[in-house]
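A short worksheet on the structure shown next.
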Amino acid sequence: MGIGAASDELLGTFVPIAVYWLYSGLYVALDGAGRLDGYRLHTREEAATKNVVSKAAVVRGVLVQQAFQVAVSLTLFAVIGDESGAGQKQPPALVIVLQFIIAMVVMDTWQYFMHRYMHINKFLYKHIHSKHHTLVVPYSFGALYNHPLEGLILDTIGGALSFLVSGMTPRTSIFFFSFATIKTVDDHCGLWLPGNILQALFSNNSAYHDIHHQLYGNKYNFSQPFFVMWDKILGTYMPYSIEQRKGGGVESRPAKLD
């Protein structure tokens, strides 16, 4: 049975979207209060001059992608759902942990190769993937700012494959996709925060992904959103160090250019 009045399928579809705006909204609120300037990977001036798309356009673009996400998710659940209306029984905790790990690896694998191909193929990069790279200085609610086709291929289909291959239940998917959403937003937050557990636990983090958004890192650090294994295995890993920036704040400095 679903949690409360809403089914697990509906919660698995809409909770990650709510999490996206709540978590990114937290960053926006803290940034607006001026409390995070010392942890920014780029200055406010850089963000104003390098990002060529308005924040209003970013919000609209993300909402379009999330609409596609909802449509695919509801269709998938309708196809695989139990017509009796009874929810799937949750497996033991150890199985759920294993399903999480499998889903993370599947998502990373899909996104690495699709993402890298969108850089290799000049047509796809120019007409599709370059939209995401108009945000040279990433920020939290721009994490899912993509061309709708890219959002469908990388994120929505990647998520569906993670769900199907791992064998997780719709209830487990609520937590997995909420976690994946938080991780994606965090990777694009444009901040290096002491005490941020995600940035401490994962080598694939905001500084790592910031390298990819810069011109010199455009052909490196394709992995997202969890691990860096494919970059390391296939030679597209660009190491970096966190350095203090003159004038305040920090920056991710690529070791490859030293």
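Scheme for the structure tokens: letters A, B, ... for chains in order shown; per-chain residue numbers from 1; ligand numbers from 1 in order shown.
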Worksheet item: Which residues, written as an NGL selection string, have at least one atom at most 7 Å from Gly159 of chain A, with only C-alpha atoms counted and residues fewer than 4 positions away on the same chain left out?
Response: :A and (107 or 155 or 163)
Fill in: Members of segment 5-240 of chain A assigned alpha helix (DSSP H) by DSSP, as number ranges by chain
A: 8-32, 44-50, 55-80, 93-120, 122-127, 148-150, 158-166, 170-187, 197-201, 206-213, 229-233
Discussion item. Give me, as JSON, numbers by chain, all polymer residues having an atom no more than 12 Å from Val97 of chain A, counting only C-alpha atoms and skipping those fewer than 4 positions away in the same chain.
Written reply: {"A": [90, 91, 92, 93, 101, 102, 103, 104, 166, 167, 168, 172, 173, 175, 176]}
Worksheet item: With distances taken over only C-alpha atoms, which of A:Ile80, A:Met118, A:Leu201, A:Ala207 is nearest to Thr169 of chain A?
Response: A:Ile80
What are the closest atom pairs, with distances in Å to one decimal, for all residues of segment 108-175 of chain A lying within 12 Å of segment 182-186 of chain A? Consider only C-alpha atoms, order rows by chain and residue number, and present the result as a tab-separated table.
```
residue	atom	partner	partner_atom	distance
A:Asp108	CA	A:Thr184	CA	11.7
A:Pro138	CA	A:Val185	CA	9.8
A:Tyr139	CA	A:Val185	CA	8.1
A:Ser140	CA	A:Val185	CA	5.1
A:Phe141	CA	A:Val185	CA	6.7
A:Gly142	CA	A:Val185	CA	8.0
A:Ala143	CA	A:Val185	CA	5.4
A:Leu144	CA	A:Val185	CA	8.1
A:Tyr145	CA	A:Val185	CA	10.9
A:Asp155	CA	A:Thr184	CA	10.5
A:Phe175	CA	A:Ile182	CA	10.5
```
Worksheet entry | Shell of 12 Å around Gly247 of chain A, only C-alpha atoms, local chain residues under 2 positions omitted, as a list of chain:residue names |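 The residues that qualify are A:Asp37, A:Gly38, A:Arg40, A:His42, A:Thr43, A:Arg44, A:Gln244, A:Arg245, A:Gly249, A:Val250, A:Glu251.
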Item to complete: Find the residue from A:Asn221, A:Gln99, A:Gln66, A:Ser252 that sits nearest to His115 of chain A; use only C-alpha atoms when measuring.
Response: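 Checking each candidate against His115 of chain A, we get A:Asn221 as the closest.
Here the question is which of A:Ala71, A:Ala78, A:Ala56, A:Met114 gets nearest to Ile153 of chain A using only C-alpha atoms, and that residue is A:Met114.
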Worksheet item: What is the distance between atom CA of Val137 of chain A and atom CA of Ala67 of chain A, in Å to one decimal?
Response: 25.1 Å
Worksheet, complete the sentence: atom CA of Ala29 of chain A sits from atom CA of Asn146 of chain A at a separation of 23.3 Å
